[in-house]
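Undergrad: Please see the structure below; I have some questions.
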Amino acid sequence: LNSPSGKRYRVTIDDDGDFIKEEIIIYNPTPISNNYSMVFNGNDTVFNLGPSLEGTGSQSVSFWIKRDSESQSNDGGILTIVPNESTSDYISISLWEDTIQSSIANNDNVKGSTILSLDTWYHIVVIKDGTPSTTAIYVNGEEETLSTNGTWKGNIDTPQAKIGETSYSGVNYNFTGLIDEVAIFDHALESSIIGTIYSGSLPIGTSQSLDLNTLPTSPTSWYRMGD
């Protein structure tokens, strides 16, 4: 078992399931430098991820985001991964209606409860658990209260895999601001691990950040966004 404090707990039980002992193993994730992030201009800046990523099934996406002074309420796509012809099992994340919203199937979405201010760094984790079944959104380590009245939904264009832009029905929706430390996991992250990432995976402007490859389960893809 892991905790946000960086300790790992090992519990030993016997063949009958009875508790024998508990040990605490000090877990110190390795720090790395974090000197840059990627600037998106809301128009044509896009980070293409290539055709090999798989958007179906359980996934978690972790990233830092900062809206700049030009950011609008409906500010467009942050990350979208849609395999070819997969219009009912993908992941699309946006800053929309000043909140984090996520769509996992055409005309179906969830909306977070936190209004994201301008010129402020936020750590975001979006969890898609199943094929698909549920989506959770965490902002700064805290789970959001979700609603289904958001408007980030429509007929997704297939295939696409990119950061900073999403295409619906031939129209591109682009993000304005900074995005940093984008990591994709092929499973639903536990809240304790999300706490570890939030407390250690710091955005640009800090001298050290968490090496996500030292987590108990490392991400399948990790984009440092300039580092």
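Naming scheme: A, B, ... for chains in displayed order of the structure tokens; residues 1 onward per chain; ligands 1 onward as shown.
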If we count only C-alpha atoms, what is near Glu70 in chain A at a cut-off of 9 Å, once residues fewer than 5 positions away on the same chain are taken out, given as a PDB file with C-alpha atoms, in the first residue's frame?
TA:
ATOM      1  CA  ASN A  41      -1.819  30.017 -28.566  1.00  0.00           C
ATOM      2  CA  GLY A  42      -5.482  29.018 -28.956  1.00  0.00           C
ATOM      3  CA  LEU A 118      -6.590  32.764 -15.070  1.00  0.00           C
ATOM      4  CA  THR A 176      -4.870  28.878 -24.818  1.00  0.00           C
ATOM      5  CA  GLY A 177      -2.238  28.811 -22.074  1.00  0.00           C
TER       6      GLY A 177
END
Undergrad: Tell me, as an mmCIF file with all heavy atoms, in the first residue's frame, which residues lie within 8 Å of range 201-203 of chain A, counting only C-alpha atoms; anything in the same chain fewer than 6 positions away does not count.
TA:
data_model
loop_
_atom_site.group_PDB
_atom_site.id
_atom_site.type_symbol
_atom_site.label_atom_id
_atom_site.label_comp_id
_atom_site.auth_asym_id
_atom_site.auth_seq_id
_atom_site.Cartn_x
_atom_site.Cartn_y
_atom_site.Cartn_z
ATOM 1 N N ASN A 34 12.509 20.542 -13.784
ATOM 2 C CA ASN A 34 11.342 20.924 -14.571
ATOM 3 C C ASN A 34 11.452 22.411 -14.875
ATOM 4 O O ASN A 34 11.064 23.256 -14.082
ATOM 5 C CB ASN A 34 10.053 20.615 -13.815
ATOM 6 C CG ASN A 34 8.821 20.902 -14.661
ATOM 7 O OD1 ASN A 34 8.908 20.978 -15.877
ATOM 8 N ND2 ASN A 34 7.684 21.059 -14.014
ATOM 9 N N SER A 37 7.600 24.496 -19.962
ATOM 10 C CA SER A 37 6.288 23.958 -20.289
ATOM 11 C C SER A 37 5.977 24.411 -21.710
ATOM 12 O O SER A 37 6.699 25.233 -22.284
ATOM 13 C CB SER A 37 5.212 24.444 -19.316
ATOM 14 O OG SER A 37 5.074 25.848 -19.395
ATOM 15 N N TRP A 64 -0.528 19.328 -15.682
ATOM 16 C CA TRP A 64 -0.643 20.658 -15.098
ATOM 17 C C TRP A 64 -1.121 21.614 -16.172
ATOM 18 O O TRP A 64 -0.749 21.473 -17.338
ATOM 19 C CB TRP A 64 0.691 21.127 -14.535
ATOM 20 C CG TRP A 64 1.087 20.470 -13.263
ATOM 21 C CD1 TRP A 64 1.783 19.306 -13.123
ATOM 22 C CD2 TRP A 64 0.814 20.924 -11.936
ATOM 23 N NE1 TRP A 64 1.962 19.010 -11.800
ATOM 24 C CE2 TRP A 64 1.384 19.986 -11.057
ATOM 25 C CE3 TRP A 64 0.157 22.040 -11.417
ATOM 26 C CZ2 TRP A 64 1.306 20.141 -9.661
ATOM 27 C CZ3 TRP A 64 0.079 22.191 -10.041
ATOM 28 C CH2 TRP A 64 0.657 21.250 -9.177
ATOM 29 N N TRP A 121 -1.729 27.913 -11.772
ATOM 30 C CA TRP A 121 -1.446 26.516 -12.098
ATOM 31 C C TRP A 121 -2.421 25.597 -11.363
ATOM 32 O O TRP A 121 -2.693 25.785 -10.176
ATOM 33 C CB TRP A 121 -0.025 26.133 -11.696
ATOM 34 C CG TRP A 121 1.035 26.552 -12.668
ATOM 35 C CD1 TRP A 121 1.965 27.537 -12.504
ATOM 36 C CD2 TRP A 121 1.282 25.976 -13.954
ATOM 37 N NE1 TRP A 121 2.768 27.616 -13.606
ATOM 38 C CE2 TRP A 121 2.380 26.659 -14.511
ATOM 39 C CE3 TRP A 121 0.691 24.941 -14.690
ATOM 40 C CZ2 TRP A 121 2.893 26.351 -15.779
ATOM 41 C CZ3 TRP A 121 1.199 24.630 -15.942
ATOM 42 C CH2 TRP A 121 2.290 25.327 -16.473
ATOM 43 N N ASP A 180 1.765 21.319 -18.940
ATOM 44 C CA ASP A 180 3.041 20.751 -18.501
ATOM 45 C C ASP A 180 2.832 19.347 -17.944
ATOM 46 O O ASP A 180 1.758 19.018 -17.423
ATOM 47 C CB ASP A 180 3.654 21.655 -17.421
ATOM 48 C CG ASP A 180 5.150 21.413 -17.234
ATOM 49 O OD1 ASP A 180 5.771 20.806 -18.121
ATOM 50 O OD2 ASP A 180 5.689 21.848 -16.202
ATOM 51 N N GLU A 181 3.868 18.518 -18.061
ATOM 52 C CA GLU A 181 3.946 17.198 -17.423
ATOM 53 C C GLU A 181 2.707 16.339 -17.682
ATOM 54 O O GLU A 181 1.988 15.948 -16.753
ATOM 55 C CB GLU A 181 4.179 17.351 -15.918
ATOM 56 C CG GLU A 181 5.463 18.091 -15.561
ATOM 57 C CD GLU A 181 6.716 17.350 -16.005
ATOM 58 O OE1 GLU A 181 6.758 16.104 -15.920
ATOM 59 O OE2 GLU A 181 7.662 18.016 -16.456
ATOM 60 N N SER A 209 10.898 18.283 -9.732
ATOM 61 C CA SER A 209 9.595 17.664 -9.946
ATOM 62 C C SER A 209 9.739 16.158 -9.765
ATOM 63 O O SER A 209 10.839 15.617 -9.813
ATOM 64 C CB SER A 209 9.084 17.993 -11.359
ATOM 65 O OG SER A 209 7.776 17.510 -11.542
ATOM 66 N N LEU A 210 8.619 15.487 -9.562
ATOM 67 C CA LEU A 210 8.614 14.050 -9.335
ATOM 68 C C LEU A 210 8.911 13.286 -10.623
ATOM 69 O O LEU A 210 8.323 13.563 -11.672
ATOM 70 C CB LEU A 210 7.238 13.637 -8.798
ATOM 71 C CG LEU A 210 6.938 12.144 -8.683
ATOM 72 C CD1 LEU A 210 7.820 11.505 -7.624
ATOM 73 C CD2 LEU A 210 5.468 11.928 -8.355
ATOM 74 N N ASP A 211 9.821 12.337 -10.555
ATOM 75 C CA ASP A 211 10.052 11.413 -11.661
ATOM 76 C C ASP A 211 8.935 10.374 -11.638
ATOM 77 O O ASP A 211 8.911 9.489 -10.790
ATOM 78 C CB ASP A 211 11.418 10.736 -11.512
ATOM 79 C CG ASP A 211 11.749 9.814 -12.681
ATOM 80 O OD1 ASP A 211 10.854 9.548 -13.519
ATOM 81 O OD2 ASP A 211 12.892 9.335 -12.749
ATOM 82 N N LEU A 212 7.982 10.480 -12.552
ATOM 83 C CA LEU A 212 6.820 9.593 -12.536
ATOM 84 C C LEU A 212 7.182 8.143 -12.799
ATOM 85 O O LEU A 212 6.408 7.242 -12.474
ATOM 86 C CB LEU A 212 5.788 10.074 -13.561
ATOM 87 C CG LEU A 212 5.242 11.484 -13.339
ATOM 88 C CD1 LEU A 212 4.174 11.808 -14.382
ATOM 89 C CD2 LEU A 212 4.680 11.651 -11.938
#
Undergrad: Name the residues of range 29-198 of chain A that fall into strand (DSSP E) according to DSSP on the backbone, using the chain letters and numbers of this document, as a VMD selection string.
TA: chain A and resid 31 to 32 38 to 41 47 to 48 59 to 67 76 to 82 91 to 96 99 to 105 108 to 111 121 to 129 134 to 139 142 to 143 160 to 163 165 to 168 171 to 174 176 to 185
Undergrad: What separation in Å, quoted to one decimal, exists between CA of Ser169 in chain A and CA of Asn109 in chain A?
TA: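 Separating CA of Ser169 in chain A from CA of Asn109 in chain A is a distance of 16.4 Å.
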Undergrad: Skipping near chain neighbours, those fewer than 5 positions away, what residues fall within 6 Å of range 186-188 of chain A using only C-alpha atoms, listed as an mmCIF file with N, CA, C and O atoms, in the first residue's frame?
TA:
data_model
loop_
_atom_site.group_PDB
_atom_site.id
_atom_site.type_symbol
_atom_site.label_atom_id
_atom_site.label_comp_id
_atom_site.auth_asym_id
_atom_site.auth_seq_id
_atom_site.Cartn_x
_atom_site.Cartn_y
_atom_site.Cartn_z
ATOM 1 N N SER A 58 -9.637 1.385 -19.722
ATOM 2 C CA SER A 58 -9.326 2.189 -18.542
ATOM 3 C C SER A 58 -8.069 3.019 -18.783
ATOM 4 O O SER A 58 -7.058 2.513 -19.270
ATOM 5 N N GLN A 59 -8.152 4.299 -18.389
ATOM 6 C CA GLN A 59 -7.020 5.204 -18.532
ATOM 7 C C GLN A 59 -7.089 6.290 -17.471
ATOM 8 O O GLN A 59 -8.165 6.620 -16.966
ATOM 9 N N SER A 60 -5.921 6.844 -17.148
ATOM 10 C CA SER A 60 -5.834 8.044 -16.318
ATOM 11 C C SER A 60 -4.872 9.000 -17.007
ATOM 12 O O SER A 60 -3.839 8.584 -17.522
ATOM 13 N N ILE A 127 -9.869 10.390 -14.946
ATOM 14 C CA ILE A 127 -9.865 8.927 -14.907
ATOM 15 C C ILE A 127 -11.030 8.388 -15.715
ATOM 16 O O ILE A 127 -12.179 8.778 -15.508
ATOM 17 N N ASP A 129 -12.598 4.772 -16.355
ATOM 18 C CA ASP A 129 -12.509 3.443 -15.759
ATOM 19 C C ASP A 129 -13.524 2.522 -16.422
ATOM 20 O O ASP A 129 -14.719 2.606 -16.159
#
Undergrad: Could you tell me how far CA of Ser103 in chain A sits from CA of Tyr168 in chain A, in Å to one decimal place?
TA: 11.5 Å
Undergrad: For CA of Ser86 in chain A and CA of Val171 in chain A, quote the distance in Å rounded to one decimal.
TA: 18.0 Å
